[in-house]
>>> print(open('my_file-v7.txt').read())   # compact mmCIF, C-alpha atoms
# COMPACT_ATOMS: atom_id res chain seq x y z
CA GLN A 1 -4.30 76.69 28.40
CA LYS A 2 -2.96 74.18 25.91
CA GLU A 3 -2.53 70.82 27.58
CA VAL A 4 -1.21 67.37 26.89
CA GLU A 5 -2.38 64.57 29.18
CA GLN A 6 -0.78 61.19 29.80
CA ASN A 7 -1.29 58.51 32.43
CA SER A 8 1.74 58.64 34.68
CA GLY A 9 1.87 54.88 35.16
CA PRO A 10 3.84 52.93 35.91
CA LEU A 11 2.81 50.70 33.07
CA SER A 12 4.21 47.24 33.64
CA VAL A 13 4.42 44.66 30.86
CA PRO A 14 6.30 41.36 30.53
CA GLU A 15 9.09 40.97 28.03
CA GLY A 16 7.76 40.24 24.57
CA ALA A 17 4.37 41.85 25.16
CA ILE A 18 2.89 44.91 23.48
CA ALA A 19 3.07 48.13 25.47
CA SER A 20 0.42 50.72 24.70
CA LEU A 21 0.92 54.34 25.75
CA ASN A 22 -1.75 56.96 25.32
CA CYS A 23 -1.92 60.73 25.12
CA THR A 24 -4.67 63.31 24.63
CA TYR A 25 -4.26 66.96 23.75
CA SER A 26 -6.49 69.98 24.11
CA ASP A 27 -5.68 72.15 21.09
CA ARG A 28 -7.75 70.90 18.19
CA GLY A 29 -5.60 72.75 15.64
CA SER A 30 -2.40 70.92 16.59
CA GLN A 31 -0.50 69.58 13.60
CA SER A 32 2.66 67.92 14.89
CA PHE A 33 2.91 65.11 17.42
CA PHE A 34 5.94 63.46 18.91
CA TRP A 35 6.99 60.69 21.25
CA TYR A 36 10.20 61.02 23.22
CA ARG A 37 11.87 58.37 25.32
CA GLN A 38 13.74 59.45 28.43
CA TYR A 39 15.93 57.16 30.48
CA SER A 40 16.50 58.10 34.09
CA GLY A 41 19.05 60.89 34.34
CA LYS A 42 19.22 61.38 30.57
CA SER A 43 17.76 63.81 28.08
CA PRO A 44 14.63 63.16 25.99
CA GLU A 45 15.28 61.27 22.77
CA LEU A 46 12.93 61.64 19.80
CA ILE A 47 11.66 58.21 18.74
CA MET A 48 8.54 58.93 16.68
CA SER A 49 6.85 61.82 14.95
CA ILE A 50 3.44 61.77 13.28
CA TYR A 51 1.55 64.45 11.42
CA SER A 52 -1.48 62.86 9.74
CA ASN A 53 -4.28 60.60 10.89
CA GLY A 54 -3.55 56.91 10.96
CA ASP A 55 -0.60 54.74 11.83
CA LYS A 56 3.11 55.23 11.35
CA GLU A 57 5.44 52.31 11.92
CA ASP A 58 9.16 52.34 12.60
CA GLY A 59 10.64 49.02 13.64
CA ARG A 60 8.96 47.86 16.84
CA PHE A 61 7.27 51.24 17.32
CA THR A 62 3.91 52.32 15.90
CA ALA A 63 2.47 55.78 16.45
CA GLN A 64 -1.26 56.27 15.97
CA LEU A 65 -3.00 59.60 15.51
CA ASN A 66 -6.71 60.41 15.62
CA LYS A 67 -7.21 64.15 15.28
CA ALA A 68 -11.00 63.94 15.59
CA SER A 69 -10.61 62.38 19.04
CA GLN A 70 -7.50 64.46 19.83
CA TYR A 71 -5.67 61.29 20.70
CA VAL A 72 -2.22 59.98 19.93
CA SER A 73 -0.75 56.67 21.03
CA LEU A 74 2.47 54.71 20.89
CA LEU A 75 2.61 50.94 20.61
CA ILE A 76 5.81 49.08 21.37
CA ARG A 77 5.81 45.52 20.08
CA ASP A 78 7.98 42.75 21.49
CA SER A 79 8.82 44.92 24.51
CA GLN A 80 12.34 44.54 25.88
CA PRO A 81 13.76 45.41 29.30
CA SER A 82 15.77 48.11 27.51
CA ASP A 83 12.45 49.81 26.67
CA SER A 84 11.97 50.57 30.35
CA ALA A 85 11.94 54.37 30.45
CA THR A 86 9.62 57.34 30.68
CA TYR A 87 7.79 58.15 27.44
CA LEU A 88 6.89 61.75 26.81
CA CYS A 89 4.13 62.83 24.46
CA ALA A 90 4.66 66.27 22.92
CA VAL A 91 2.58 68.44 20.65
CA ILE A 92 3.08 71.63 18.68
CA PRO A 93 -0.26 73.44 18.99
CA ALA A 94 -1.63 75.61 16.22
CA ASN A 95 -0.05 79.07 16.02
CA GLN A 96 2.50 78.09 18.63
CA ALA A 97 5.15 80.78 18.96
CA GLY A 98 8.55 79.49 17.99
CA THR A 99 7.12 76.02 17.27
CA ALA A 100 7.84 75.16 20.89
CA LEU A 101 6.62 71.84 22.24
CA ILE A 102 3.96 71.29 24.87
CA PHE A 103 4.77 68.14 26.81
CA GLY A 104 2.73 65.69 28.80
CA LYS A 105 4.14 64.65 32.16
CA GLY A 106 5.20 61.29 30.83
CA THR A 107 4.30 57.63 31.30
CA THR A 108 6.79 55.36 33.01
CA LEU A 109 7.09 51.95 31.34
CA SER A 110 8.60 48.97 33.11
CA VAL A 111 9.33 45.82 31.10
CA SER A 112 10.08 42.77 33.20
CA SER A 113 12.21 39.88 31.96
CA ASP B 1 23.29 63.67 18.56
CA ALA B 2 22.32 67.06 17.17
CA GLY B 3 25.65 68.63 18.10
CA ILE B 4 24.34 70.23 21.30
CA THR B 5 26.43 70.67 24.42
CA GLN B 6 25.48 72.26 27.71
CA SER B 7 27.71 73.64 30.40
CA PRO B 8 28.06 73.19 33.23
CA ARG B 9 26.47 69.76 33.51
CA HIS B 10 26.05 70.07 37.25
CA LYS B 11 26.03 73.13 39.48
CA VAL B 12 25.31 73.81 43.11
CA THR B 13 24.84 77.43 44.09
CA GLU B 14 23.39 79.51 46.88
CA THR B 15 20.21 81.53 46.96
CA GLY B 16 20.68 85.03 45.63
CA THR B 17 23.67 84.34 43.43
CA PRO B 18 23.61 84.82 39.66
CA VAL B 19 23.94 81.74 37.49
CA THR B 20 24.48 81.41 33.74
CA LEU B 21 23.94 78.21 31.82
CA ARG B 22 25.32 77.82 28.34
CA CYS B 23 23.98 75.92 25.36
CA HIS B 24 26.24 75.46 22.36
CA GLN B 25 25.32 73.98 18.99
CA THR B 26 27.56 73.24 16.06
CA GLU B 27 25.07 72.95 13.19
CA ASN B 28 23.88 76.51 12.68
CA HIS B 29 20.24 75.91 13.64
CA ARG B 30 18.07 78.99 13.85
CA TYR B 31 15.72 77.93 16.66
CA MET B 32 16.96 77.21 20.18
CA TYR B 33 15.00 76.61 23.37
CA TRP B 34 15.44 76.37 27.12
CA TYR B 35 13.18 74.03 29.07
CA ARG B 36 13.13 73.02 32.71
CA GLN B 37 12.02 69.63 33.95
CA ASP B 38 10.57 69.09 37.39
CA PRO B 39 8.81 66.10 38.97
CA GLY B 40 5.08 66.44 38.58
CA HIS B 41 5.37 69.17 35.96
CA GLY B 42 7.13 67.62 33.04
CA LEU B 43 9.11 69.76 30.61
CA ARG B 44 8.17 73.43 30.45
CA LEU B 45 9.44 76.12 28.11
CA ILE B 46 11.38 78.98 29.69
CA HIS B 47 12.54 81.02 26.69
CA TYR B 48 13.29 80.43 23.06
CA SER B 49 15.27 82.12 20.31
CA TYR B 50 14.54 82.38 16.61
CA GLY B 51 17.81 84.01 15.63
CA VAL B 52 20.70 86.12 16.84
CA LYS B 53 19.36 88.69 19.29
CA ASP B 54 15.79 87.41 18.69
CA THR B 55 14.29 85.84 21.79
CA ASP B 56 10.90 85.45 23.38
CA LYS B 57 9.35 84.23 26.61
CA GLY B 58 7.87 80.84 27.30
CA GLU B 59 5.47 79.50 29.90
CA VAL B 60 7.78 79.85 32.93
CA SER B 61 10.04 82.80 32.12
CA ASP B 62 9.81 84.72 35.42
CA GLY B 63 13.22 84.97 37.06
CA TYR B 64 15.11 84.05 33.89
CA SER B 65 16.72 86.01 31.09
CA VAL B 66 18.40 84.82 27.91
CA SER B 67 20.82 86.09 25.34
CA ARG B 68 21.92 84.98 21.93
CA SER B 69 24.77 87.01 20.51
CA LYS B 70 25.97 84.23 18.19
CA THR B 71 24.04 81.58 16.30
CA GLU B 72 25.79 78.80 18.13
CA ASP B 73 25.32 79.98 21.72
CA PHE B 74 22.16 80.47 23.76
CA LEU B 75 22.67 81.57 27.35
CA LEU B 76 20.19 81.26 30.20
CA THR B 77 20.73 83.51 33.21
CA LEU B 78 19.19 83.34 36.64
CA GLU B 79 19.81 86.85 37.92
CA SER B 80 19.28 85.91 41.56
CA ALA B 81 18.80 82.19 42.02
CA THR B 82 16.02 80.90 44.27
CA SER B 83 15.38 77.42 45.62
CA SER B 84 12.35 77.11 43.33
CA GLN B 85 14.77 77.22 40.39
CA THR B 86 16.37 73.95 41.46
CA SER B 87 15.69 71.82 38.40
CA VAL B 88 17.14 70.06 35.40
CA TYR B 89 17.56 72.45 32.49
CA PHE B 90 17.51 71.23 28.90
CA CYS B 91 18.49 73.12 25.82
CA ALA B 92 16.97 72.09 22.51
CA ILE B 93 17.27 72.96 18.86
CA SER B 94 14.75 72.47 16.11
CA TYR B 95 15.02 72.20 12.37
CA THR B 96 12.86 71.23 9.46
CA ALA B 97 13.13 67.52 8.87
CA ALA B 98 12.69 65.69 5.57
CA THR B 99 8.97 65.48 6.42
CA GLY B 100 8.73 69.26 6.09
CA TYR B 101 7.87 69.60 9.76
CA ASN B 102 10.00 70.90 12.62
CA GLU B 103 11.56 68.36 14.95
CA GLN B 104 13.29 69.14 18.22
CA PHE B 105 16.39 67.56 19.70
CA PHE B 106 17.71 67.99 23.19
CA GLY B 107 21.06 68.57 24.78
CA PRO B 108 22.34 66.48 27.71
CA GLY B 109 20.94 68.77 30.40
CA THR B 110 22.25 70.74 33.36
CA ARG B 111 21.31 69.75 36.89
CA LEU B 112 21.11 72.90 39.00
CA THR B 113 20.71 72.88 42.77
CA VAL B 114 20.04 76.14 44.61
CA LEU B 115 20.64 75.88 48.36
>>> encode(input="my_file-v7.txt", output="structure tokens")
Amino acid sequence: QKEVEQNSGPLSVPEGAIASLNCTYSDRGSQSFFWYRQYSGKSPELIMSIYSNGDKEDGRFTAQLNKASQYVSLLIRDSQPSDSATYLCAVIPANQAGTALIFGKGTTLSVSS
Amino acid sequence: DAGITQSPRHKVTETGTPVTLRCHQTENHRYMYWYRQDPGHGLRLIHYSYGVKDTDKGEVSDGYSVSRSKTEDFLLTLESATSSQTSVYFCAISYTAATGYNEQFFGPGTRLTVL
């Protein structure tokens, strides 16, 4: 069973702080990793993708991948109340039929002003 | 916005009735997916399609069937709805991004309640 694990939270941070969200995955051959943001009652929105070890930065967001540890994280700098949402980690495992995603259950982030 | 629409957006139905959900895309993507999202389970794949008339099962396909007679439309059918199929259903498409890797984008979702 290919699995993606996330802490459900809630993760609470004050405005302006760094929020750190973590994810582990079970399939060592996985090659593609994604972070989606989902506001309550809305659909998942792709915010970051990462494919190689190391860091990838996009604005206030940094994704980090460590394939040896089977670990991917998302850092949100200068957190804003508008960042309050559920963040979904998703992985495409090796040899995944149809390149379908395996999702974690999500981490709820709450940013207080 | 990846040009994905879903209909209906909300539906309430009774146990035992057939239900069809529609996903429509405007950008000619080959791959389309149906997921369901439930509290405590996250998003799970029901079925996917890799072309017209080409479909395959996902993790939670029991009780569901799909059809894709045109590139732009992917239909999900519950032949005889049960209360356990009360969920939010998301359609998604994927395409190869500039990175060379596939990325998936989701439609707005359909909230289905089976009484």
>>> interface_residues(input="my_file-v7.txt", of="chain B", to="chain A", cutoff="8 Å", atoms="only C-alpha atoms", output="PyMOL selection string")
chain B and resi 31+33+40-45+48-50+90+101-102+104-109
>>> write_last_selection(input="my_file-v7.txt", atoms="C-alpha atoms", output="PDB file, in the frame of the given file")
ATOM      1  CA  TYR B  31      15.720  77.930  16.660  1.00  0.00           C
ATOM      2  CA  TYR B  33      15.000  76.610  23.370  1.00  0.00           C
ATOM      3  CA  GLY B  40       5.080  66.440  38.580  1.00  0.00           C
ATOM      4  CA  HIS B  41       5.370  69.170  35.960  1.00  0.00           C
ATOM      5  CA  GLY B  42       7.130  67.620  33.040  1.00  0.00           C
ATOM      6  CA  LEU B  43       9.110  69.760  30.610  1.00  0.00           C
ATOM      7  CA  ARG B  44       8.170  73.430  30.450  1.00  0.00           C
ATOM      8  CA  LEU B  45       9.440  76.120  28.110  1.00  0.00           C
ATOM      9  CA  TYR B  48      13.290  80.430  23.060  1.00  0.00           C
ATOM     10  CA  SER B  49      15.270  82.120  20.310  1.00  0.00           C
ATOM     11  CA  TYR B  50      14.540  82.380  16.610  1.00  0.00           C
ATOM     12  CA  PHE B  90      17.510  71.230  28.900  1.00  0.00           C
ATOM     13  CA  TYR B 101       7.870  69.600   9.760  1.00  0.00           C
ATOM     14  CA  ASN B 102      10.000  70.900  12.620  1.00  0.00           C
ATOM     15  CA  GLN B 104      13.290  69.140  18.220  1.00  0.00           C
ATOM     16  CA  PHE B 105      16.390  67.560  19.700  1.00  0.00           C
ATOM     17  CA  PHE B 106      17.710  67.990  23.190  1.00  0.00           C
ATOM     18  CA  GLY B 107      21.060  68.570  24.780  1.00  0.00           C
ATOM     19  CA  PRO B 108      22.340  66.480  27.710  1.00  0.00           C
ATOM     20  CA  GLY B 109      20.940  68.770  30.400  1.00  0.00           C
TER      21      GLY B 109
END
>>> closest_residue(input="my_file-v7.txt", among="A:Met48, A:Cys23, A:Ile76, A:Ala85", to="Asn7 of chain A", atoms="all atoms listed in the file")
A:Cys23
>>> closest_residue(input="my_file-v7.txt", among="B:Thr86, B:Pro18, B:Val66, B:Thr26", to="Thr5 of chain B", atoms="all atoms listed in the file")
B:Thr26
>>> atom_distance(input="my_file-v7.txt", atom1="atom CA of Gly63 of chain B", atom2="atom CA of Glu79 of chain B")
6.9 Å
>>> atom_distance(input="my_file-v7.txt", atom1="atom CA of Glu59 of chain B", atom2="atom CA of Glu5 of chain A")
16.9 Å
>>> atom_distance(input="my_file-v7.txt", atom1="atom CA of Val52 of chain B", atom2="atom CA of Thr77 of chain B")
16.6 Å
>>> closest_residue(input="my_file-v7.txt", among="B:Gln37, B:Ser67, B:Thr113, B:Thr55", to="Thr17 of chain B", atoms="all atoms listed in the file")
B:Thr113
>>> residues_around(input="my_file-v7.txt", residues="His47 of chain B", least_positions_apart="3", cutoff="7 Å", atoms="all atoms listed in the file", output="ChimeraX atom specification")
/B:33-34,56-58,61
>>> closest_residue(input="my_file-v7.txt", among="A:Val111, A:Val4, A:Leu74, A:Ala68", to="Asn22 of chain A", atoms="all atoms listed in the file")
A:Leu74
>>> closest_residue(input="my_file-v7.txt", among="B:Ser7, B:Thr82, B:Ser94, B:Thr71", to="Gly51 of chain B", atoms="only C-alpha atoms")
B:Thr71
>>> closest_residue(input="my_file-v7.txt", among="B:Gln25, B:Ser80, B:Thr20, B:Asp73", to="Ile4 of chain B", atoms="all atoms listed in the file")
B:Gln25
>>> axis_aligned_box(input="my_file-v7.txt", around="segment 42-58 of chain B", padding_each_side="3 Å", output="AutoDock Vina command-line options")
--center_x 13.9 --center_y 78.2 --center_z 24.3 --size_x 19.6 --size_y 27.1 --size_z 23.4
>>> residues_near_point(input="my_file-v7.txt", point="(4.8, 53.3, 31.8)", cutoff="8 Å", atoms="only C-alpha atoms", output="list in words")
Ser8, Gly9, Pro10, Leu11, Ser12, Leu21, Ser84, Ala85, Thr86, Tyr87, Thr107, Thr108, Leu109 and Ser110 of chain A
>>> residues_around(input="my_file-v7.txt", residues="segment 14-17 of chain A", least_positions_apart="6", cutoff="8 Å", atoms="all atoms listed in the file", output="VMD selection string")
chain A and resid 77 to 81 111 to 113
>>> write_last_selection(input="my_file-v7.txt", atoms="C-alpha atoms", output="PDB file, in the coordinates of the input")
ATOM      1  CA  ARG A  77       5.810  45.520  20.080  1.00  0.00           C
ATOM      2  CA  ASP A  78       7.980  42.750  21.490  1.00  0.00           C
ATOM      3  CA  SER A  79       8.820  44.920  24.510  1.00  0.00           C
ATOM      4  CA  GLN A  80      12.340  44.540  25.880  1.00  0.00           C
ATOM      5  CA  PRO A  81      13.760  45.410  29.300  1.00  0.00           C
ATOM      6  CA  VAL A 111       9.330  45.820  31.100  1.00  0.00           C
ATOM      7  CA  SER A 112      10.080  42.770  33.200  1.00  0.00           C
ATOM      8  CA  SER A 113      12.210  39.880  31.960  1.00  0.00           C
TER       9      SER A 113
END
